file model_34.cif (mmCIF, C-alpha atoms and all ligand atoms)
data_model
#
loop_
_atom_site.label_atom_id
_atom_site.label_comp_id
_atom_site.auth_asym_id
_atom_site.auth_seq_id
_atom_site.Cartn_x
_atom_site.Cartn_y
_atom_site.Cartn_z
CA MET A 1052 0.00 0.00 0.00
CA SER A 1053 1.53 3.28 -1.09
CA SER A 1054 1.97 6.02 1.46
CA VAL A 1055 1.79 8.81 -1.11
CA LEU A 1056 -1.65 10.13 -0.07
CA PRO A 1057 -0.94 10.29 3.71
CA ILE A 1058 2.37 12.00 2.91
CA ALA A 1059 0.67 14.52 0.61
CA ARG A 1060 -1.95 15.27 3.30
CA ASP A 1061 0.78 15.85 5.89
CA LEU A 1062 2.56 18.22 3.51
CA VAL A 1063 -0.60 20.25 2.81
CA ARG A 1064 -1.31 20.54 6.56
CA ILE A 1065 2.11 22.15 7.10
CA ALA A 1066 1.54 25.63 5.69
CA SER A 1067 4.56 27.09 3.86
CA VAL A 1068 3.28 30.27 2.27
CA ASN A 1069 5.78 32.44 0.42
CA PRO A 1070 5.37 36.06 1.61
CA MET A 1071 5.99 37.11 -2.05
CA GLY A 1072 7.80 40.24 -0.93
CA ARG A 1073 4.94 41.41 1.31
CA ALA A 1074 5.52 42.21 4.98
CA ILE A 1075 3.33 39.38 6.26
CA ASP A 1076 4.19 37.01 9.07
CA GLY A 1077 2.43 34.36 11.11
CA PRO A 1078 2.24 30.60 11.53
CA SER A 1079 1.44 29.90 7.88
CA VAL A 1080 4.31 31.97 6.42
CA GLY A 1081 7.71 30.53 5.52
CA GLU A 1082 9.15 27.09 4.79
CA GLU A 1083 10.83 26.44 8.18
CA ARG A 1084 8.32 23.94 9.62
CA LEU A 1085 8.09 22.05 6.36
CA THR A 1086 11.89 21.82 6.10
CA ALA A 1087 12.03 20.27 9.58
CA TRP A 1088 9.30 17.76 8.68
CA LEU A 1089 11.07 16.79 5.45
CA GLU A 1090 14.37 16.38 7.25
CA ALA A 1091 12.83 14.06 9.87
CA PHE A 1092 11.07 12.00 7.16
CA LEU A 1093 14.20 11.65 5.02
CA LEU A 1094 16.50 10.80 7.93
CA GLY A 1095 13.88 8.18 8.87
CA ILE A 1096 14.28 6.37 5.54
CA GLY A 1097 18.07 6.45 5.78
CA ALA A 1098 18.90 9.45 3.56
CA ARG A 1099 21.80 11.78 4.35
CA CYS A 1100 20.48 15.31 4.76
CA ARG A 1101 22.13 18.68 4.58
CA ARG A 1102 20.73 22.17 4.57
CA GLN A 1103 21.68 25.02 2.26
CA PRO A 1104 20.88 28.34 3.96
CA VAL A 1105 19.24 30.75 1.50
CA ALA A 1106 17.85 33.45 3.83
CA PRO A 1107 17.20 33.65 7.59
CA GLY A 1108 14.83 30.77 8.45
CA ARG A 1109 14.74 29.63 4.82
CA ASP A 1110 16.91 26.60 3.97
CA ASN A 1111 16.99 24.31 0.97
CA LEU A 1112 17.10 20.66 2.05
CA VAL A 1113 19.26 18.26 0.04
CA ALA A 1114 18.88 14.54 0.82
CA GLU A 1115 21.06 11.83 -0.71
CA LEU A 1116 19.78 8.28 -0.83
CA SER A 1117 22.11 5.56 -2.02
CA TRP A 1118 22.65 1.86 -1.47
CA SER A 1119 25.12 -0.78 -2.56
CA GLY A 1120 24.68 -1.37 -6.28
CA ALA A 1121 23.22 2.08 -6.98
CA GLY A 1122 24.75 4.00 -9.88
CA ARG A 1123 25.05 7.68 -10.78
CA ALA A 1124 22.59 9.96 -9.07
CA VAL A 1125 19.58 11.79 -10.44
CA VAL A 1126 18.24 14.95 -8.82
CA LEU A 1127 14.54 15.00 -7.95
CA GLU A 1128 13.58 18.58 -7.11
CA ALA A 1129 10.45 20.24 -5.71
CA HIS A 1130 9.92 23.67 -4.16
CA GLN A 1131 8.74 23.93 -0.56
CA ASP A 1132 6.81 27.19 -0.80
CA THR A 1133 3.25 27.84 -1.94
CA VAL A 1134 1.48 31.00 -3.04
CA PRO A 1135 -0.65 32.81 -0.40
CA VAL A 1136 -4.20 31.74 0.50
CA ASP A 1137 -6.06 35.05 -0.05
CA GLY A 1138 -9.49 34.47 -1.59
CA MET A 1139 -9.49 30.69 -1.17
CA THR A 1140 -12.95 29.12 -0.98
CA ILE A 1141 -11.84 25.93 0.82
CA PRO A 1142 -9.96 25.45 4.10
CA PRO A 1143 -6.40 25.82 2.79
CA PHE A 1144 -4.61 23.53 5.23
CA ASP A 1145 -7.19 20.85 6.16
CA ALA A 1146 -6.06 18.47 3.37
CA GLU A 1147 -9.59 17.19 2.76
CA VAL A 1148 -10.07 14.22 0.41
CA ARG A 1149 -13.37 14.27 -1.53
CA GLY A 1150 -14.43 12.64 -4.79
CA GLY A 1151 -10.98 11.28 -5.53
CA ARG A 1152 -9.31 14.66 -5.04
CA LEU A 1153 -7.02 16.07 -2.37
CA TYR A 1154 -7.86 19.72 -1.65
CA GLY A 1155 -5.69 22.46 -0.15
CA ARG A 1156 -3.09 25.14 -0.85
CA GLY A 1157 -0.13 23.44 -2.47
CA ALA A 1158 -1.97 20.15 -3.17
CA CYS A 1159 -1.28 20.66 -6.88
CA ASP A 1160 1.66 23.13 -6.74
CA VAL A 1161 3.64 21.29 -5.64
CA LYS A 1162 3.15 19.22 -2.51
CA GLY A 1163 1.49 16.46 -4.53
CA GLY A 1164 4.65 16.14 -6.63
CA MET A 1165 6.80 16.40 -3.50
CA ALA A 1166 4.79 13.56 -1.88
CA ALA A 1167 5.34 11.41 -4.98
CA ILE A 1168 9.11 11.98 -4.70
CA LEU A 1169 9.08 11.08 -0.99
CA ALA A 1170 6.93 7.97 -1.46
CA ALA A 1171 9.16 6.85 -4.34
CA MET A 1172 12.25 7.34 -2.17
CA GLU A 1173 10.64 5.38 0.66
CA ARG A 1174 10.03 2.49 -1.75
CA LEU A 1175 13.53 2.67 -3.22
CA ALA A 1176 15.05 2.73 0.29
CA ALA A 1177 13.15 -0.45 1.13
CA GLU A 1178 13.74 -2.28 -2.18
CA LYS A 1179 17.33 -1.09 -2.87
CA PRO A 1180 17.10 -2.10 -6.56
CA ARG A 1181 20.49 -3.07 -8.02
CA GLY A 1182 21.61 -0.97 -10.95
CA ALA A 1183 19.18 1.87 -10.23
CA ALA A 1184 20.40 5.43 -9.83
CA ALA A 1185 21.06 6.96 -6.44
CA VAL A 1186 18.71 9.82 -5.58
CA VAL A 1187 19.55 13.37 -4.63
CA ALA A 1188 16.29 14.95 -3.52
CA ALA A 1189 16.40 18.73 -3.41
CA PHE A 1190 13.63 20.75 -1.77
CA THR A 1191 14.13 24.44 -2.48
CA VAL A 1192 12.68 27.57 -0.90
CA ASP A 1193 11.27 30.67 -2.59
CA GLU A 1194 10.29 29.37 -6.04
CA GLU A 1195 7.06 31.35 -6.28
CA SER A 1196 8.70 34.73 -5.82
CA GLY A 1197 12.42 35.07 -6.47
CA PHE A 1198 13.95 31.68 -7.45
CA THR A 1199 16.58 32.33 -4.75
CA GLY A 1200 16.43 28.73 -3.46
CA VAL A 1201 17.17 27.09 -6.79
CA ARG A 1202 19.92 29.60 -7.56
CA THR A 1203 21.64 28.56 -4.30
CA LEU A 1204 21.12 24.89 -5.22
CA ALA A 1205 22.56 25.46 -8.71
CA ARG A 1206 25.77 26.86 -7.17
CA GLN A 1207 26.19 23.83 -4.86
CA LEU A 1208 25.16 20.87 -6.98
CA PRO A 1209 26.70 17.55 -5.99
CA ALA A 1210 29.12 15.99 -8.48
CA GLY A 1211 28.29 12.98 -10.63
CA VAL A 1212 24.61 13.72 -11.24
CA ALA A 1213 23.15 12.56 -14.57
CA PHE A 1214 20.18 14.92 -14.80
CA ALA A 1215 17.45 16.63 -12.79
CA VAL A 1216 13.68 16.16 -12.74
CA VAL A 1217 11.79 19.18 -11.43
CA ALA A 1218 8.36 18.35 -10.04
CA GLU A 1219 5.66 20.78 -11.18
CA PRO A 1220 2.08 20.07 -12.25
CA THR A 1221 2.55 18.78 -15.83
CA ARG A 1222 -0.16 16.05 -15.74
CA LEU A 1223 2.81 13.67 -15.95
CA ASP A 1224 3.78 15.01 -19.35
CA VAL A 1225 7.54 15.36 -19.82
CA VAL A 1226 8.22 19.08 -20.24
CA VAL A 1227 11.50 19.62 -22.11
CA ALA A 1228 10.97 23.28 -22.98
CA HIS A 1229 9.49 26.29 -21.27
CA LYS A 1230 9.64 30.01 -21.84
CA GLY A 1231 11.77 32.49 -19.94
CA LEU A 1232 10.69 35.96 -18.96
CA VAL A 1233 11.80 39.54 -18.48
CA ARG A 1234 9.84 42.32 -16.76
CA TRP A 1235 10.41 46.07 -16.80
CA ARG A 1236 8.68 49.43 -16.29
CA VAL A 1237 8.02 52.32 -18.67
CA ARG A 1238 7.05 55.77 -17.41
CA THR A 1239 5.65 58.91 -18.97
CA ARG A 1240 6.09 62.30 -17.30
CA GLY A 1241 3.71 65.24 -17.43
CA ARG A 1242 3.05 68.25 -15.23
CA SER A 1243 0.44 68.21 -12.46
CA CYS A 1244 -2.12 70.96 -12.02
CA HIS A 1245 -5.70 71.43 -10.86
CA SER A 1246 -8.11 69.52 -13.11
CA ALA A 1247 -10.32 72.62 -13.36
CA ARG A 1248 -7.60 74.14 -15.58
CA PRO A 1249 -6.09 71.13 -17.38
CA SER A 1250 -4.43 73.27 -20.01
CA ASP A 1251 -2.06 74.58 -17.29
CA GLY A 1252 -0.49 71.11 -17.05
CA VAL A 1253 0.51 68.09 -19.12
CA ASN A 1254 -1.43 64.86 -18.59
CA ALA A 1255 0.98 61.92 -18.19
CA VAL A 1256 -1.87 59.39 -18.49
CA TYR A 1257 -2.77 60.78 -21.93
CA ARG A 1258 0.91 60.48 -22.87
CA MET A 1259 0.79 56.78 -22.00
CA ALA A 1260 -2.12 56.11 -24.39
CA PRO A 1261 -0.02 56.01 -27.61
CA VAL A 1262 2.61 53.95 -25.77
CA LEU A 1263 0.00 51.29 -24.97
CA ALA A 1264 -1.29 51.24 -28.55
CA THR A 1265 2.29 50.88 -29.84
CA LEU A 1266 3.02 48.07 -27.40
CA GLU A 1267 -0.12 46.25 -28.51
CA GLU A 1268 1.12 46.55 -32.09
CA TYR A 1269 4.56 45.31 -30.98
CA ALA A 1270 3.02 42.34 -29.17
CA GLY A 1271 1.20 41.49 -32.40
CA SER A 1272 4.45 41.66 -34.37
CA LEU A 1273 6.06 39.15 -31.98
CA MET A 1274 3.37 36.64 -32.93
CA GLN A 1275 4.48 36.93 -36.58
CA GLY A 1276 8.17 36.43 -35.81
CA PRO A 1277 10.27 33.31 -35.14
CA SER A 1278 8.61 30.55 -33.13
CA HIS A 1279 9.69 27.38 -31.30
CA PRO A 1280 8.22 23.96 -32.26
CA LEU A 1281 6.98 23.27 -28.70
CA LEU A 1282 6.52 26.82 -27.40
CA GLY A 1283 5.13 28.83 -30.30
CA SER A 1284 5.77 32.59 -30.34
CA PRO A 1285 7.18 34.90 -27.72
CA THR A 1286 4.56 37.11 -26.06
CA LEU A 1287 4.32 40.54 -24.47
CA SER A 1288 1.67 41.77 -22.06
CA VAL A 1289 1.16 45.02 -20.15
CA GLY A 1290 -0.08 43.84 -16.75
CA VAL A 1291 -0.11 46.96 -14.55
CA ILE A 1292 -0.82 50.64 -15.10
CA ARG A 1293 -0.51 53.34 -12.44
CA GLY A 1294 -1.05 57.03 -12.93
CA GLY A 1295 -2.48 59.99 -11.12
CA THR A 1296 -3.31 60.65 -7.48
CA SER A 1297 -6.87 62.00 -7.52
CA VAL A 1298 -9.62 62.68 -10.02
CA ASN A 1299 -9.30 66.45 -9.62
CA THR A 1300 -5.56 66.54 -10.38
CA VAL A 1301 -3.99 66.31 -13.83
CA PRO A 1302 -1.54 63.40 -13.40
CA GLY A 1303 2.16 64.22 -13.44
CA SER A 1304 3.37 60.68 -14.05
CA CYS A 1305 2.13 57.34 -15.32
CA GLU A 1306 3.86 53.97 -15.19
CA ILE A 1307 3.25 50.56 -16.72
CA GLU A 1308 4.75 47.12 -16.05
CA ILE A 1309 5.56 44.89 -19.00
CA ASP A 1310 5.88 41.09 -19.01
CA ARG A 1311 7.74 39.60 -21.98
CA ARG A 1312 7.98 35.81 -22.34
CA LEU A 1313 11.19 34.63 -23.99
CA LEU A 1314 11.93 31.75 -26.31
CA PRO A 1315 15.05 29.59 -25.86
CA GLY A 1316 18.06 31.53 -27.12
CA GLU A 1317 16.51 34.96 -26.52
CA ASP A 1318 18.58 37.28 -24.35
CA PRO A 1319 16.47 39.25 -21.80
CA ALA A 1320 18.42 42.51 -22.22
CA PHE A 1321 18.22 42.25 -26.00
CA ALA A 1322 14.44 41.69 -25.81
CA VAL A 1323 13.99 44.86 -23.71
CA ASP A 1324 16.20 46.86 -26.04
CA HIS A 1325 14.39 45.61 -29.15
CA CYS A 1326 11.08 46.78 -27.69
CA ARG A 1327 12.66 50.12 -26.65
CA ARG A 1328 13.85 50.75 -30.21
CA PHE A 1329 10.36 49.93 -31.58
CA LEU A 1330 8.81 52.50 -29.20
CA MET A 1331 11.43 55.16 -29.95
CA GLU A 1332 11.03 54.79 -33.71
CA ARG A 1333 7.25 55.20 -33.58
CA LEU A 1334 7.08 57.76 -30.75
CA PRO A 1335 10.09 60.04 -31.28
CA GLY A 1336 10.46 62.83 -28.74
CA SER A 1337 7.98 61.26 -26.33
CA GLY A 1338 10.41 61.48 -23.40
CA LEU A 1339 9.65 57.94 -22.31
CA GLU A 1340 11.58 56.63 -19.30
CA ILE A 1341 12.41 52.97 -19.76
CA GLU A 1342 13.78 51.28 -16.63
CA PRO A 1343 16.19 48.35 -16.72
CA ALA A 1344 14.50 44.96 -16.13
CA TRP A 1345 13.89 44.11 -12.47
CA ILE A 1346 13.63 40.36 -13.10
CA SER A 1347 14.61 37.99 -15.86
CA ASP A 1348 14.78 34.25 -16.29
CA LEU A 1349 16.05 32.16 -19.18
CA ALA A 1350 13.97 29.64 -21.10
CA LEU A 1351 14.41 25.85 -20.84
CA ASP A 1352 15.26 23.86 -23.97
CA THR A 1353 16.38 20.32 -23.19
CA PRO A 1354 16.69 18.24 -26.39
CA PRO A 1355 13.90 15.64 -26.61
CA ASP A 1356 16.55 13.02 -27.48
CA SER A 1357 18.73 13.83 -24.45
CA GLU A 1358 19.28 11.20 -21.76
CA ALA A 1359 17.12 13.19 -19.32
CA ALA A 1360 14.16 13.37 -21.70
CA ARG A 1361 14.47 9.82 -23.03
CA THR A 1362 14.67 8.30 -19.54
CA CYS A 1363 11.65 10.22 -18.27
CA LEU A 1364 9.59 9.51 -21.40
CA ALA A 1365 10.36 5.79 -21.03
CA ALA A 1366 9.35 5.85 -17.34
CA VAL A 1367 6.02 7.56 -18.09
CA ARG A 1368 5.34 5.15 -20.98
CA LYS A 1369 5.92 2.22 -18.65
CA VAL A 1370 3.34 3.54 -16.19
CA ARG A 1371 0.80 5.17 -18.54
CA GLY A 1372 1.38 3.56 -21.93
CA SER A 1373 2.31 6.69 -23.88
CA SER A 1374 4.23 9.93 -23.51
CA ASP A 1375 5.49 12.70 -25.80
CA PRO A 1376 7.77 15.63 -24.96
CA VAL A 1377 5.90 18.91 -24.52
CA GLY A 1378 6.57 22.62 -23.95
CA VAL A 1379 4.80 24.99 -21.52
CA PRO A 1380 4.64 28.80 -21.31
CA TYR A 1381 5.33 29.17 -17.55
CA GLY A 1382 8.74 29.20 -15.87
CA THR A 1383 10.15 26.67 -13.39
CA ASP A 1384 13.30 25.91 -11.39
CA ALA A 1385 14.46 23.67 -14.27
CA SER A 1386 15.92 26.46 -16.42
CA LYS A 1387 18.19 27.55 -13.56
CA LEU A 1388 19.56 24.02 -13.17
CA ALA A 1389 20.05 23.70 -16.93
CA GLU A 1390 21.84 27.06 -16.98
CA ALA A 1391 24.21 25.66 -14.29
CA GLY A 1392 25.03 22.73 -16.60
CA LEU A 1393 22.68 20.07 -15.24
CA PRO A 1394 20.25 18.82 -17.92
CA ALA A 1395 16.71 19.14 -16.57
CA VAL A 1396 13.12 18.30 -17.43
CA VAL A 1397 9.86 19.11 -15.63
CA LEU A 1398 7.53 16.27 -14.69
CA GLY A 1399 4.91 15.85 -12.00
CA PRO A 1400 1.29 15.09 -11.11
CA GLY A 1401 -1.52 17.66 -11.25
CA ASP A 1402 -2.66 20.21 -13.81
CA ILE A 1403 -1.28 23.75 -13.87
CA ALA A 1404 -4.92 24.87 -14.31
CA GLN A 1405 -5.49 23.96 -10.63
CA ALA A 1406 -2.32 25.62 -9.34
CA HIS A 1407 -2.72 28.86 -7.33
CA THR A 1408 -6.56 28.54 -7.49
CA ALA A 1409 -9.25 29.31 -4.90
CA ASP A 1410 -10.06 25.59 -4.49
CA GLU A 1411 -6.68 24.03 -5.39
CA TRP A 1412 -6.81 20.24 -5.73
CA ILE A 1413 -5.06 17.25 -7.24
CA GLU A 1414 -6.34 13.85 -8.41
CA VAL A 1415 -5.42 11.21 -5.85
CA ALA A 1416 -5.00 8.60 -8.63
CA GLU A 1417 -2.38 10.78 -10.30
CA LEU A 1418 -0.33 10.90 -7.10
CA GLY A 1419 0.06 7.12 -7.23
CA GLN A 1420 1.01 7.22 -10.90
CA ALA A 1421 3.59 9.92 -10.21
CA GLU A 1422 5.15 7.82 -7.45
CA ALA A 1423 5.40 4.89 -9.90
CA VAL A 1424 6.93 7.16 -12.59
CA PHE A 1425 9.59 8.47 -10.19
CA VAL A 1426 10.49 4.92 -9.09
CA GLU A 1427 10.74 3.80 -12.74
CA LEU A 1428 12.87 6.70 -13.86
CA VAL A 1429 15.31 6.18 -10.99
CA LYS A 1430 15.58 2.50 -11.98
CA LEU A 1431 16.09 3.37 -15.66
CA ALA A 1432 18.65 6.11 -14.95
CA GLY A 1433 21.19 3.86 -13.18
ZN ZN A 1501 5.25 25.26 -8.55
#

call {"tool": "encode", "arguments": {"input": "model_34.cif", "output": "structure tokens"}}
result
Amino acid sequence: MSSVLPIARDLVRIASVNPMGRAIDGPSVGEERLTAWLEAFLLGIGARCRRQPVAPGRDNLVAELSWSGAGRAVVLEAHQDTVPVDGMTIPPFDAEVRGGRLYGRGACDVKGGMAAILAAMERLAAEKPRGAAAVVAAFTVDEESGFTGVRTLARQLPAGVAFAVVAEPTRLDVVVAHKGLVRWRVRTRGRSCHSARPSDGVNAVYRMAPVLATLEEYAGSLMQGPSHPLLGSPTLSVGVIRGGTSVNTVPGSCEIEIDRRLLPGEDPAFAVDHCRRFLMERLPGSGLEIEPAWISDLALDTPPDSEAARTCLAAVRKVRGSSDPVGVPYGTDASKLAEAGLPAVVLGPGDIAQAHTADEWIEVAELGQAEAVFVELVKLAG
């Protein structure tokens, strides 16, 4: 009898909300209690554990499980943090099971996948299959906000690892490619005055209007440009606009935030500059202020015929009968590991459509399949 469901319920009950840069605190915030639980579980099955401090009270946990006859290691990675629980319509940490689903914050993203890794390790520790790979399980902090946990992991990877599998909700598809991203701000300046005499000032919100229309045109042009066989076109979206202080004041400044999704091979700084030149050509003399990017992240592009992809595809086929490599538009820890030289794919139970939702859930049946997939891929990777 697999222990994957009880493990997943325990993980959901231990809240590990990422503050996401907000000044919130309390018993549900931070990964510390979950790290301690993971450490106790992994020591209990005979793994060697070590912590990688990332920030005060926030440690990655790296657990090595090996036995006589085990070969090269594979990394199985999952992040410890979840998004906040604001607006949830179910009890976030009760880990209720109803209608074949486990409900709660993190059930899908990504404590279900984490439970499948732990249950697979428990089985491997008991069976000690000869010729299988050793396992390095890595549980990182701060994936949902800053990727600081995986960047620390990438700098301290153990030697002799064949490849990494990053658990995220992929419905057990093998994700070999995902987009990267870059985000930056653009500002228009005007001159404030009383709205009863608008001609005394310059309205910065009006000045933003042609910028938005030009960016919409630019976003359309990206769709016509080069595309990736699994990822399609790059995209651009304006997600935030801020301008003005009150309805009776002509606004003196207006600011937007831009999200650009990158294809493999695209350089974040080049993407920002390309967009800047497009704006400057069409809006000369507009006095736009274009800030440098505040965050960027490279795309993932692991060849479908690489050892990492082939091994994972074979493991999923063994459990589910079929599997093809796929691409997804969202980012994961995998691109940071690949950038550090460790080939990586993304593979886990659950559907990204249920991640971060008001009634987050995961299919219980998929948890068991994920456990079987992880066991198989460790056996095949040896
Ligand atoms: Zn996730």

call {"tool": "residues_near_point", "arguments": {"input": "model_34.cif", "point": "(-3.4, 18.4, 2.9)", "cutoff": "10 Å", "atoms": "all atoms listed in the file", "output": "list of chain:residue names"}}
result
A:Leu1056, A:Pro1057, A:Ile1058, A:Ala1059, A:Arg1060, A:Asp1061, A:Leu1062, A:Val1063, A:Arg1064, A:Ile1065, A:Ala1066, A:Pro1142, A:Pro1143, A:Phe1144, A:Asp1145, A:Ala1146, A:Glu1147, A:Val1148, A:Leu1153, A:Tyr1154, A:Gly1155, A:Arg1156, A:Gly1157, A:Ala1158, A:Lys1162, A:Gly1163, A:Trp1412

call {"tool": "residues_near_ligand", "arguments": {"input": "model_34.cif", "ligand": "ligand ZN 1501 (chain A)", "cutoff": "6 Å", "atoms": "all atoms listed in the file", "output": "PyMOL selection string"}}
result
chain A and resi 1160-1161+1219

call {"tool": "atom_distance", "arguments": {"input": "model_34.cif", "atom1": "CA of Ser1053 (chain A)", "atom2": "CA of Arg1102 (chain A)"}}
result
27.5 Å

call {"tool": "residues_around", "arguments": {"input": "model_34.cif", "residues": "Asp1352 (chain A)", "least_positions_apart": "6", "cutoff": "10 Å", "atoms": "all atoms listed in the file", "output": "number ranges by chain"}}
result
A: 1226-1230, 1279, 1281-1282, 1314-1316, 1378, 1385-1386, 1389, 1394-1396

call {"tool": "closest_residue", "arguments": {"input": "model_34.cif", "among": "A:Arg1236, A:Arg1101, A:Arg1123, A:His1245", "to": "Ala1183 (chain A)", "atoms": "all atoms listed in the file"}}
result
A:Arg1123

call {"tool": "closest_atom_pairs", "arguments": {"input": "model_34.cif", "of": "region 1108-1193 of chain A", "to": "region 1421-1431 of chain A", "cutoff": "6 Å", "atoms": "all atoms listed in the file", "output": "JSON lines"}}
result
{"residue": "A:Ala1167", "atom": "CA", "partner": "A:Glu1422", "partner_atom": "CA", "distance": 4.4}
{"residue": "A:Ala1171", "atom": "CA", "partner": "A:Glu1422", "partner_atom": "CA", "distance": 5.2}
{"residue": "A:Ala1183", "atom": "CA", "partner": "A:Lys1430", "partner_atom": "CA", "distance": 4.1}
{"residue": "A:Ala1184", "atom": "CA", "partner": "A:Val1429", "partner_atom": "CA", "distance": 5.3}

call {"tool": "residues_near_point", "arguments": {"input": "model_34.cif", "point": "(8.9, 22.5, -6.8)", "cutoff": "7 Å", "atoms": "only C-alpha atoms", "output": "VMD selection string"}}
result
chain A and resid 1128 to 1131 1161 1217 to 1219

call {"tool": "residues_around", "arguments": {"input": "model_34.cif", "residues": "region 1193-1207 of chain A", "least_positions_apart": "3", "cutoff": "10 Å", "atoms": "all atoms listed in the file", "output": "PDB file with C-alpha atoms, in the coordinates of the input"}}
result
ATOM      1  CA  SER A1067       4.560  27.090   3.860  1.00  0.00           C
ATOM      2  CA  VAL A1068       3.280  30.270   2.270  1.00  0.00           C
ATOM      3  CA  ASN A1069       5.780  32.440   0.420  1.00  0.00           C
ATOM      4  CA  PRO A1070       5.370  36.060   1.610  1.00  0.00           C
ATOM      5  CA  MET A1071       5.990  37.110  -2.050  1.00  0.00           C
ATOM      6  CA  GLY A1072       7.800  40.240  -0.930  1.00  0.00           C
ATOM      7  CA  GLY A1081       7.710  30.530   5.520  1.00  0.00           C
ATOM      8  CA  GLU A1082       9.150  27.090   4.790  1.00  0.00           C
ATOM      9  CA  GLN A1103      21.680  25.020   2.260  1.00  0.00           C
ATOM     10  CA  PRO A1104      20.880  28.340   3.960  1.00  0.00           C
ATOM     11  CA  VAL A1105      19.240  30.750   1.500  1.00  0.00           C
ATOM     12  CA  ALA A1106      17.850  33.450   3.830  1.00  0.00           C
ATOM     13  CA  ARG A1109      14.740  29.630   4.820  1.00  0.00           C
ATOM     14  CA  ASP A1110      16.910  26.600   3.970  1.00  0.00           C
ATOM     15  CA  ASN A1111      16.990  24.310   0.970  1.00  0.00           C
ATOM     16  CA  LEU A1112      17.100  20.660   2.050  1.00  0.00           C
ATOM     17  CA  VAL A1113      19.260  18.260   0.040  1.00  0.00           C
ATOM     18  CA  GLU A1128      13.580  18.580  -7.110  1.00  0.00           C
ATOM     19  CA  ALA A1129      10.450  20.240  -5.710  1.00  0.00           C
ATOM     20  CA  HIS A1130       9.920  23.670  -4.160  1.00  0.00           C
ATOM     21  CA  GLN A1131       8.740  23.930  -0.560  1.00  0.00           C
ATOM     22  CA  ASP A1132       6.810  27.190  -0.800  1.00  0.00           C
ATOM     23  CA  THR A1133       3.250  27.840  -1.940  1.00  0.00           C
ATOM     24  CA  VAL A1134       1.480  31.000  -3.040  1.00  0.00           C
ATOM     25  CA  PRO A1135      -0.650  32.810  -0.400  1.00  0.00           C
ATOM     26  CA  ASP A1160       1.660  23.130  -6.740  1.00  0.00           C
ATOM     27  CA  ALA A1189      16.400  18.730  -3.410  1.00  0.00           C
ATOM     28  CA  PHE A1190      13.630  20.750  -1.770  1.00  0.00           C
ATOM     29  CA  ALA A1210      29.120  15.990  -8.480  1.00  0.00           C
ATOM     30  CA  ILE A1346      13.630  40.360 -13.100  1.00  0.00           C
ATOM     31  CA  ASP A1348      14.780  34.250 -16.290  1.00  0.00           C
ATOM     32  CA  GLY A1382       8.740  29.200 -15.870  1.00  0.00           C
ATOM     33  CA  THR A1383      10.150  26.670 -13.390  1.00  0.00           C
ATOM     34  CA  ASP A1384      13.300  25.910 -11.390  1.00  0.00           C
ATOM     35  CA  ALA A1385      14.460  23.670 -14.270  1.00  0.00           C
ATOM     36  CA  SER A1386      15.920  26.460 -16.420  1.00  0.00           C
ATOM     37  CA  LYS A1387      18.190  27.550 -13.560  1.00  0.00           C
ATOM     38  CA  LEU A1388      19.560  24.020 -13.170  1.00  0.00           C
ATOM     39  CA  ALA A1389      20.050  23.700 -16.930  1.00  0.00           C
ATOM     40  CA  GLU A1390      21.840  27.060 -16.980  1.00  0.00           C
ATOM     41  CA  ALA A1391      24.210  25.660 -14.290  1.00  0.00           C
ATOM     42  CA  GLY A1392      25.030  22.730 -16.600  1.00  0.00           C
ATOM     43  CA  LEU A1393      22.680  20.070 -15.240  1.00  0.00           C
TER      44      LEU A1393
END

call {"tool": "closest_residue", "arguments": {"input": "model_34.cif", "among": "A:Leu1364, A:Leu1266, A:Ala1359, A:Leu1232", "to": "Pro1380 (chain A)", "atoms": "only C-alpha atoms"}}
result
A:Leu1232

call {"tool": "atom_distance", "arguments": {"input": "model_34.cif", "atom1": "CA of Ser1304 (chain A)", "atom2": "CA of Arg1258 (chain A)"}}
result
9.2 Å

call {"tool": "closest_residue", "arguments": {"input": "model_34.cif", "among": "A:Pro1354, A:Gly1433, A:Gly1303, A:Gly1241", "to": "Ser1117 (chain A)", "atoms": "only C-alpha atoms"}}
result
A:Gly1433

call {"tool": "atom_distance", "arguments": {"input": "model_34.cif", "atom1": "CA of Leu1418 (chain A)", "atom2": "CA of Gly1211 (chain A)"}}
result
28.9 Å

call {"tool": "closest_residue", "arguments": {"input": "model_34.cif", "among": "A:Val1080, A:Val1289, A:Cys1244, A:Leu1094", "to": "Val1136 (chain A)", "atoms": "only C-alpha atoms"}}
result
A:Val1080

call {"tool": "closest_residue", "arguments": {"input": "model_34.cif", "among": "A:Pro1400, A:Val1192, A:Ile1341, A:Arg1234", "to": "Ala1416 (chain A)", "atoms": "all atoms listed in the file"}}
result
A:Pro1400

call {"tool": "axis_aligned_box", "arguments": {"input": "model_34.cif", "around": "region 1119-1136 of chain A", "padding_each_side": "4 Å", "output": "lines of an AutoDock Vina configuration file"}}
result
center_x = 10.5
center_y = 15.7
center_z = -5.1
size_x = 37.3
size_y = 42.2
size_z = 19.3

call {"tool": "closest_residue", "arguments": {"input": "model_34.cif", "among": "A:Ile1307, A:Ile1292, A:Ala1366, A:Ala1270", "to": "Ala1322 (chain A)", "atoms": "all atoms listed in the file"}}
result
A:Ala1270
